[in-house]
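Here is upload33.txt, consisting of compact mmCIF, C-alpha atoms:
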```txt
# COMPACT_ATOMS: atom_id res chain seq x y z
CA GLY W 1 -94.24 19.72 4.44
CA ALA W 2 -90.60 18.73 4.77
CA GLY W 3 -90.74 19.05 8.56
CA ASP W 4 -93.61 16.59 8.77
CA SER W 5 -91.89 14.01 6.61
CA CYS W 6 -88.72 14.37 8.75
CA LYS W 7 -90.79 13.69 11.86
CA MET W 8 -92.38 10.71 10.16
CA VAL W 9 -88.98 9.31 9.21
CA ASP W 10 -87.68 9.83 12.76
CA ALA W 11 -90.70 7.99 14.16
CA LEU W 12 -90.23 5.16 11.67
CA LYS W 13 -86.55 4.84 12.53
CA ALA W 14 -87.29 4.85 16.26
CA ASN W 15 -89.93 2.10 15.85
CA ILE W 16 -87.57 -0.09 13.88
CA GLN W 17 -84.68 0.49 16.30
CA GLU W 18 -86.94 -0.59 19.16
CA LEU W 19 -88.07 -3.64 17.20
CA LEU W 20 -84.46 -4.61 16.50
CA SER W 21 -83.31 -4.09 20.07
CA GLU W 22 -86.08 -6.38 21.35
CA ARG W 23 -86.48 -8.94 18.56
CA ARG W 24 -83.47 -8.76 16.22
CA PHE W 25 -83.40 -12.56 15.76
CA ASP W 26 -87.13 -13.10 15.50
CA PRO W 27 -87.90 -13.87 11.83
CA THR W 28 -91.51 -12.72 12.24
CA ILE W 29 -90.27 -9.09 12.06
CA ALA W 30 -88.99 -9.61 8.50
CA GLY W 31 -92.25 -8.23 7.08
CA ASP W 32 -91.81 -4.99 9.06
CA LEU W 33 -88.23 -4.68 7.82
CA GLU W 34 -89.36 -5.26 4.21
CA SER W 35 -91.94 -2.48 4.47
CA TYR W 36 -89.24 -0.31 6.01
CA VAL W 37 -87.04 -0.79 2.91
CA GLU W 38 -89.96 0.50 0.80
CA GLU W 39 -90.22 3.53 3.10
CA GLN W 40 -86.48 4.21 2.78
CA VAL W 41 -86.91 4.34 -0.98
CA LYS W 42 -90.08 6.42 -0.88
CA GLN W 43 -88.98 8.92 1.78
CA ASP W 44 -85.35 8.99 0.61
CA PHE W 45 -83.53 8.00 3.80
CA TYR W 46 -81.30 5.07 4.70
CA ASP W 47 -80.82 2.59 7.53
CA LEU W 48 -77.98 0.13 6.99
CA ASP W 49 -78.41 -1.65 10.33
CA ALA W 50 -82.06 -2.55 9.64
CA ASN W 51 -81.24 -3.63 6.08
CA LEU W 52 -78.44 -5.91 7.26
CA ALA W 53 -80.80 -7.43 9.85
CA LEU W 54 -83.27 -8.26 7.05
CA LEU W 55 -80.52 -9.73 4.84
CA ARG W 56 -79.52 -11.97 7.76
CA PHE W 57 -83.05 -13.41 7.90
CA TYR W 58 -82.84 -14.09 4.16
CA GLN W 59 -79.43 -15.68 4.66
CA TYR W 60 -80.85 -18.16 7.17
CA SER W 61 -83.89 -18.99 5.05
CA PRO W 62 -83.16 -18.17 1.40
CA ALA W 63 -86.63 -19.36 0.35
CA THR W 64 -88.12 -16.26 2.04
CA ALA W 65 -85.80 -13.85 0.21
CA LYS W 66 -87.57 -11.23 -1.88
CA MET W 67 -85.38 -10.26 -4.84
CA PRO W 68 -86.90 -6.79 -5.44
CA THR W 69 -86.29 -5.94 -1.77
CA ILE W 70 -82.67 -7.14 -1.94
CA SER W 71 -82.15 -5.06 -5.11
CA LYS W 72 -83.45 -1.96 -3.36
CA ILE W 73 -81.18 -2.55 -0.36
CA LEU W 74 -78.19 -2.94 -2.70
CA MET W 75 -79.02 0.20 -4.69
CA LYS W 76 -79.36 2.23 -1.49
CA ALA W 77 -75.99 0.79 -0.38
CA LEU W 78 -74.33 1.79 -3.68
CA MET W 79 -75.48 5.37 -3.08
CA GLU W 80 -73.23 5.41 0.01
CA MET W 81 -69.98 4.95 -1.96
CA PRO W 82 -67.12 5.25 -1.10
CA GLY W 83 -68.54 3.61 2.05
CA THR W 84 -68.30 -0.19 2.18
CA ASP W 85 -72.06 -0.70 2.63
CA PHE W 86 -72.50 -2.59 -0.64
CA MET W 87 -69.78 -5.07 0.32
CA LEU W 88 -71.28 -5.58 3.79
CA CYS W 89 -74.65 -6.36 2.22
CA MET W 90 -73.16 -8.73 -0.37
CA TYR W 91 -71.44 -10.77 2.37
CA LEU W 92 -74.87 -11.74 3.67
CA ILE W 93 -76.39 -12.71 0.34
CA PRO W 94 -76.05 -16.43 -0.45
CA VAL W 95 -74.27 -17.28 -3.71
CA THR W 96 -77.41 -18.88 -5.14
CA THR W 97 -79.38 -15.67 -4.50
CA GLN W 98 -76.57 -13.64 -6.08
CA LYS W 99 -77.29 -15.38 -9.40
CA ASP W 100 -80.52 -13.37 -9.74
CA ALA W 101 -80.27 -11.17 -12.87
CA SER W 102 -80.90 -7.85 -11.10
CA ILE W 103 -78.37 -8.66 -8.37
CA GLU W 104 -75.80 -9.61 -11.02
CA THR W 105 -76.43 -6.26 -12.74
CA LEU W 106 -75.89 -4.37 -9.48
CA LYS W 107 -72.70 -6.35 -8.80
CA THR W 108 -71.41 -5.25 -12.23
CA LEU W 109 -72.32 -1.62 -11.49
CA ALA W 110 -70.58 -1.78 -8.10
CA ASP W 111 -67.53 -3.34 -9.69
CA LYS W 112 -67.26 -0.55 -12.28
CA LEU W 113 -67.58 2.09 -9.53
CA GLU W 114 -65.02 0.44 -7.27
CA SER W 115 -62.57 0.12 -10.19
CA CYS W 116 -63.34 3.75 -11.14
CA MET W 117 -64.37 2.69 -14.65
CA PHE W 118 -66.93 5.46 -14.72
CA LYS W 119 -67.67 5.59 -18.46
CA GLN W 120 -68.39 1.85 -18.44
CA PHE W 121 -70.53 2.35 -15.34
CA TRP W 122 -72.82 4.78 -17.20
CA THR W 123 -73.05 2.44 -20.19
CA GLU W 124 -74.15 -0.39 -17.87
CA ALA W 125 -76.45 1.96 -15.96
CA ALA W 126 -78.20 2.98 -19.17
CA SER W 127 -79.23 -0.61 -19.82
CA ALA W 128 -80.33 -1.00 -16.17
CA LYS W 129 -82.59 2.10 -16.24
CA ALA W 130 -85.71 0.10 -15.34
CA LEU W 131 -83.99 -1.06 -12.15
CA ILE W 132 -82.12 2.02 -10.92
CA GLY W 133 -84.80 4.44 -12.08
CA THR W 134 -86.93 3.27 -9.14
CA ILE W 135 -84.59 4.84 -6.58
CA PRO W 136 -84.78 8.61 -6.03
CA ARG W 137 -81.45 10.46 -6.39
CA PHE W 138 -79.53 7.31 -7.35
CA GLU W 139 -77.58 8.98 -10.18
CA GLU W 140 -77.09 12.15 -8.14
CA CYS W 141 -75.40 10.21 -5.31
CA ILE W 142 -73.20 8.26 -7.73
CA ARG W 143 -72.12 11.54 -9.37
CA LYS W 144 -71.22 12.93 -5.96
CA TYR W 145 -68.95 9.93 -5.40
CA ILE W 146 -67.34 10.28 -8.84
CA VAL W 147 -66.76 14.01 -8.25
CA THR W 148 -65.00 13.15 -4.97
CA ILE W 149 -62.67 10.73 -6.77
CA VAL W 150 -61.95 13.19 -9.59
CA ALA W 151 -61.14 15.92 -7.04
CA ALA W 152 -58.73 13.58 -5.25
CA THR W 153 -56.99 12.49 -8.45
CA TYR W 154 -56.76 15.51 -10.76
CA GLN W 155 -55.61 19.11 -10.69
CA VAL W 156 -56.54 19.52 -14.37
CA ILE W 157 -58.92 17.34 -16.37
CA SER W 158 -60.23 17.91 -19.88
CA LYS W 159 -63.88 18.88 -19.96
CA GLU W 160 -64.50 16.08 -22.45
CA GLU W 161 -63.04 13.49 -20.07
CA LEU W 162 -65.14 14.87 -17.21
CA GLU W 163 -68.28 14.62 -19.38
CA GLY W 164 -67.60 10.91 -19.80
CA TYR W 165 -66.97 10.32 -16.11
CA LEU W 166 -70.08 12.16 -14.96
CA ASN W 167 -72.34 11.39 -17.92
CA GLN W 168 -73.24 15.08 -18.01
CA SER W 169 -72.82 17.79 -20.61
CA GLY W 170 -73.77 21.39 -21.35
CA GLY W 171 -75.57 23.29 -18.61
CA GLU W 172 -75.77 20.28 -16.28
CA LEU W 173 -72.01 19.83 -16.32
CA ASP W 174 -71.43 23.58 -15.92
CA LYS W 175 -73.63 23.48 -12.80
CA THR W 176 -71.55 20.65 -11.31
CA ILE W 177 -68.29 22.50 -12.08
CA ALA W 178 -69.63 25.72 -10.51
CA ALA W 179 -70.98 23.92 -7.43
CA LYS W 180 -67.53 22.44 -6.77
CA LYS W 181 -65.86 25.84 -7.38
CA TRP W 182 -63.79 24.28 -10.16
CA SER W 183 -62.84 26.60 -13.02
CA LEU W 184 -62.93 26.32 -16.80
CA GLU W 185 -59.76 27.15 -18.73
CA GLY W 186 -60.23 26.58 -22.43
CA PRO W 187 -60.92 22.88 -22.97
CA ASP W 188 -59.84 22.02 -19.41
CA VAL W 189 -61.35 22.05 -15.94
CA LYS W 190 -59.05 23.09 -13.08
CA VAL W 191 -59.55 21.44 -9.70
CA PRO W 192 -58.28 23.38 -6.65
CA LEU W 193 -55.41 21.82 -4.75
CA ASN W 194 -56.49 19.60 -1.84
CA GLU W 195 -54.80 17.15 0.51
CA TYR W 196 -55.14 14.28 -1.99
CA ASN W 197 -54.70 15.56 -5.52
CA GLY W 198 -51.22 17.06 -4.94
CA ALA W 199 -49.79 13.64 -4.14
CA SER W 200 -51.87 11.93 -6.86
CA VAL W 201 -50.63 14.22 -9.61
CA LYS W 202 -46.99 13.77 -8.52
CA LEU W 203 -47.43 10.00 -8.52
CA LYS W 204 -49.05 10.02 -11.98
CA GLN W 205 -46.22 12.16 -13.40
CA GLN W 206 -43.37 10.19 -11.81
CA GLU W 207 -44.64 6.66 -12.31
CA GLY W 208 -46.74 7.18 -15.44
CA ILE W 209 -49.69 5.70 -13.54
CA SER W 210 -53.12 6.11 -15.14
CA PHE W 211 -56.29 7.36 -13.46
CA GLU W 212 -57.75 3.83 -13.72
CA GLN W 213 -54.80 2.44 -11.73
CA LEU W 214 -54.60 5.20 -9.18
CA ALA W 215 -58.23 6.05 -8.38
CA PRO W 216 -59.16 2.69 -6.78
CA ILE W 217 -56.18 3.07 -4.42
CA ILE W 218 -57.50 6.47 -3.37
CA VAL W 219 -60.97 4.98 -2.81
CA GLY W 220 -59.41 2.30 -0.62
CA THR W 221 -57.15 4.49 1.48
CA ALA W 222 -58.00 8.14 1.60
CA LEU W 223 -61.73 8.62 1.53
```
Could you render the structure as structure tokens?
Amino acid sequence: GAGDSCKMVDALKANIQELLSERRFDPTIAGDLESYVEEQVKQDFYDLDANLALLRFYQYSPATAKMPTISKILMKALMEMPGTDFMLCMYLIPVTTQKDASIETLKTLADKLESCMFKQFWTEAASAKALIGTIPRFEECIRKYIVTIVAATYQVISKEELEGYLNQSGGELDKTIAAKKWSLEGPDVKVPLNEYNGASVKLKQQEGISFEQLAPIIVGTAL
């Protein structure tokens, strides 16, 4: 059951932490760290420290780098937005390695998310289905991030606009709206006042600033 898999994950994490505390700079542990990335995907948990340690080994000897493993690390990092995990991982990936097609795709996806170009993100994501479909809850975590940004930027948003941002419609979208305790008013969705969206709305009205200009600033400062 769920309890057993939690225990298993805890044991895995503890083993890897011990390994890293004793042999962090010993490249012979790379194999263990690679298997651990597979476990993070399979069991749906995340360990940034271990993943960065593995990327450091790849950085020192790029010939040993396994592209599918790097892609998985990057996808798990993207699921942590608005955290800076993706950026931290990219710092350690040599430029030559970054030219790999799947890594370039993930860089594009990250760029769209950081710039809050959410509709374009979903378009790109649709053509990268084979890649991101391998990671449980990837889209769910990205939606959570987008919802956070919308809540910090809007007091009212048209339902149609929200559909585009979340790539959801009908019952799925209604579920998201209900879960956030947002309310439907005709063609619009009302977002309750919070510490961010009051200031955002004022700024948009006064300066005529668009969501695309404002949202990345919110990502960078508030969240």
_Which residues are close to range 86-88 of chain W, i.e. within 7 Å by only C-alpha atoms, leaving aside same-chain residues fewer than 3 positions away? Reply as number ranges by chain._
W: 74, 77-78, 91
*Do a neighbour search on Ile217 in chain W at 12 Å with all atoms listed in the file, toss out local chain neighbours closer than 5 positions, and write the hits as a list in words.*
Pro82, Glu114, Ser115, Cys116, Ile149, Ala152, Thr153, Tyr196, Ser200, Leu203, Ile209, Ser210, Phe211, Glu212, Ala222 and Leu223 of chain W
Write out the residues from the selection above, keeping C-alpha atoms, as a compact mmCIF listing (two decimals), in the frame of the given file.
```
# COMPACT_ATOMS: atom_id res chain seq x y z
CA PRO W 82 -67.12 5.25 -1.10
CA GLU W 114 -65.02 0.44 -7.27
CA SER W 115 -62.57 0.12 -10.19
CA CYS W 116 -63.34 3.75 -11.14
CA ILE W 149 -62.67 10.73 -6.77
CA ALA W 152 -58.73 13.58 -5.25
CA THR W 153 -56.99 12.49 -8.45
CA TYR W 196 -55.14 14.28 -1.99
CA SER W 200 -51.87 11.93 -6.86
CA LEU W 203 -47.43 10.00 -8.52
CA ILE W 209 -49.69 5.70 -13.54
CA SER W 210 -53.12 6.11 -15.14
CA PHE W 211 -56.29 7.36 -13.46
CA GLU W 212 -57.75 3.83 -13.72
CA ALA W 222 -58.00 8.14 1.60
CA LEU W 223 -61.73 8.62 1.53
```
*Just the residues within 6 Å of range 155-158 of chain W, please, counting only C-alpha atoms, with nothing from its chain fewer than 4 positions along; format it as number ranges by chain.*
W: 187-191
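Separating CA of Met117 in chain W from CA of Gln213 in chain W is a distance of 10.0 Å.
Using all atoms listed in the file for every distance, the candidate list W:Asn167, W:Ser127, W:Gln40, W:Gln120 yields W:Gln40 as the residue closest to Lys72 in chain W.
Residues in contact range of Asp47 in chain W, defined as at most 10 Å between only C-alpha atoms, with sequence neighbours fewer than 4 positions away removed, read W:Lys13, W:Ile16, W:Gln17, W:Tyr36, W:Val37, W:Gln40, W:Asn51, W:Leu52, W:Ile73, W:Lys76, W:Ala77.
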Residue subset to file, keeping C-alpha atoms, as a compact mmCIF listing (two decimals), keeping the file's coordinate frame:
```txt
# COMPACT_ATOMS: atom_id res chain seq x y z
CA LYS W 13 -86.55 4.84 12.53
CA ILE W 16 -87.57 -0.09 13.88
CA GLN W 17 -84.68 0.49 16.30
CA TYR W 36 -89.24 -0.31 6.01
CA VAL W 37 -87.04 -0.79 2.91
CA GLN W 40 -86.48 4.21 2.78
CA ASN W 51 -81.24 -3.63 6.08
CA LEU W 52 -78.44 -5.91 7.26
CA ILE W 73 -81.18 -2.55 -0.36
CA LYS W 76 -79.36 2.23 -1.49
CA ALA W 77 -75.99 0.79 -0.38
```
*asked:* So, with all atoms listed in the file as the atoms that count, which of W:Lys112, W:Lys202, W:Lys181, W:Lys129 lies closest to Tyr154 in chain W?
replied: W:Lys202
*Find the residues around range 55-70 of chain W up to 12 Å (all atoms listed in the file counted), leave out those fewer than 3 positions away in its own chain, and share them as a count of residues only.*
50
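The nearest approach to Leu19 in chain W among the residues W:Tyr46, W:Ala53, W:Gly220, W:Asn197, with all atoms listed in the file taken into account, belongs to W:Ala53.
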Could you add the missing atoms to range 186-206 of chain W, up to N, CA and C atoms, and return them as a PDB file, keeping the file's coordinate frame?
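Contents of the output file part.pdb:
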```pdb
ATOM      1  N   GLY W 186     -60.228  27.160 -21.087  1.00  0.00           N
ATOM      2  CA  GLY W 186     -60.230  26.580 -22.430  1.00  0.00           C
ATOM      3  C   GLY W 186     -60.935  25.234 -22.411  1.00  0.00           C
ATOM      4  N   PRO W 187     -60.267  24.192 -22.937  1.00  0.00           N
ATOM      5  CA  PRO W 187     -60.920  22.880 -22.970  1.00  0.00           C
ATOM      6  C   PRO W 187     -60.786  22.098 -21.651  1.00  0.00           C
ATOM      7  N   ASP W 188     -60.131  22.728 -20.661  1.00  0.00           N
ATOM      8  CA  ASP W 188     -59.840  22.020 -19.410  1.00  0.00           C
ATOM      9  C   ASP W 188     -60.641  22.534 -18.214  1.00  0.00           C
ATOM     10  N   VAL W 189     -60.730  21.670 -17.219  1.00  0.00           N
ATOM     11  CA  VAL W 189     -61.350  22.050 -15.940  1.00  0.00           C
ATOM     12  C   VAL W 189     -60.244  21.976 -14.886  1.00  0.00           C
ATOM     13  N   LYS W 190     -60.083  23.057 -14.133  1.00  0.00           N
ATOM     14  CA  LYS W 190     -59.050  23.090 -13.080  1.00  0.00           C
ATOM     15  C   LYS W 190     -59.690  22.765 -11.738  1.00  0.00           C
ATOM     16  N   VAL W 191     -59.057  21.860 -11.019  1.00  0.00           N
ATOM     17  CA  VAL W 191     -59.550  21.440  -9.700  1.00  0.00           C
ATOM     18  C   VAL W 191     -58.614  22.047  -8.650  1.00  0.00           C
ATOM     19  N   PRO W 192     -59.154  22.781  -7.672  1.00  0.00           N
ATOM     20  CA  PRO W 192     -58.280  23.380  -6.650  1.00  0.00           C
ATOM     21  C   PRO W 192     -57.454  22.317  -5.930  1.00  0.00           C
ATOM     22  N   LEU W 193     -56.294  22.727  -5.479  1.00  0.00           N
ATOM     23  CA  LEU W 193     -55.410  21.820  -4.750  1.00  0.00           C
ATOM     24  C   LEU W 193     -56.085  21.382  -3.455  1.00  0.00           C
ATOM     25  N   ASN W 194     -55.970  20.093  -3.119  1.00  0.00           N
ATOM     26  CA  ASN W 194     -56.490  19.600  -1.840  1.00  0.00           C
ATOM     27  C   ASN W 194     -55.507  18.574  -1.292  1.00  0.00           C
ATOM     28  N   GLU W 195     -55.815  18.001  -0.138  1.00  0.00           N
ATOM     29  CA  GLU W 195     -54.800  17.150   0.510  1.00  0.00           C
ATOM     30  C   GLU W 195     -54.493  15.878  -0.295  1.00  0.00           C
ATOM     31  N   TYR W 196     -55.370  15.516  -1.233  1.00  0.00           N
ATOM     32  CA  TYR W 196     -55.140  14.280  -1.990  1.00  0.00           C
ATOM     33  C   TYR W 196     -54.538  14.512  -3.372  1.00  0.00           C
ATOM     34  N   ASN W 197     -55.071  15.513  -4.102  1.00  0.00           N
ATOM     35  CA  ASN W 197     -54.700  15.560  -5.520  1.00  0.00           C
ATOM     36  C   ASN W 197     -53.256  16.011  -5.765  1.00  0.00           C
ATOM     37  N   GLY W 198     -52.628  16.693  -4.806  1.00  0.00           N
ATOM     38  CA  GLY W 198     -51.220  17.060  -4.940  1.00  0.00           C
ATOM     39  C   GLY W 198     -50.357  15.812  -5.065  1.00  0.00           C
ATOM     40  N   ALA W 199     -50.562  14.886  -4.144  1.00  0.00           N
ATOM     41  CA  ALA W 199     -49.790  13.640  -4.140  1.00  0.00           C
ATOM     42  C   ALA W 199     -50.138  12.786  -5.361  1.00  0.00           C
ATOM     43  N   SER W 200     -51.432  12.744  -5.720  1.00  0.00           N
ATOM     44  CA  SER W 200     -51.870  11.930  -6.860  1.00  0.00           C
ATOM     45  C   SER W 200     -51.198  12.371  -8.141  1.00  0.00           C
ATOM     46  N   VAL W 201     -51.187  13.697  -8.362  1.00  0.00           N
ATOM     47  CA  VAL W 201     -50.630  14.220  -9.610  1.00  0.00           C
ATOM     48  C   VAL W 201     -49.141  13.918  -9.685  1.00  0.00           C
ATOM     49  N   LYS W 202     -48.429  14.087  -8.563  1.00  0.00           N
ATOM     50  CA  LYS W 202     -46.990  13.770  -8.520  1.00  0.00           C
ATOM     51  C   LYS W 202     -46.763  12.300  -8.903  1.00  0.00           C
ATOM     52  N   LEU W 203     -47.575  11.443  -8.296  1.00  0.00           N
ATOM     53  CA  LEU W 203     -47.430  10.000  -8.520  1.00  0.00           C
ATOM     54  C   LEU W 203     -47.679   9.666  -9.998  1.00  0.00           C
ATOM     55  N   LYS W 204     -48.722  10.287 -10.567  1.00  0.00           N
ATOM     56  CA  LYS W 204     -49.050  10.020 -11.980  1.00  0.00           C
ATOM     57  C   LYS W 204     -47.902  10.460 -12.889  1.00  0.00           C
ATOM     58  N   GLN W 205     -47.301  11.628 -12.554  1.00  0.00           N
ATOM     59  CA  GLN W 205     -46.220  12.160 -13.400  1.00  0.00           C
ATOM     60  C   GLN W 205     -44.966  11.289 -13.288  1.00  0.00           C
ATOM     61  N   GLN W 206     -44.616  10.942 -12.032  1.00  0.00           N
ATOM     62  CA  GLN W 206     -43.370  10.190 -11.810  1.00  0.00           C
ATOM     63  C   GLN W 206     -43.468   8.773 -12.366  1.00  0.00           C
TER      64      GLN W 206
END
```
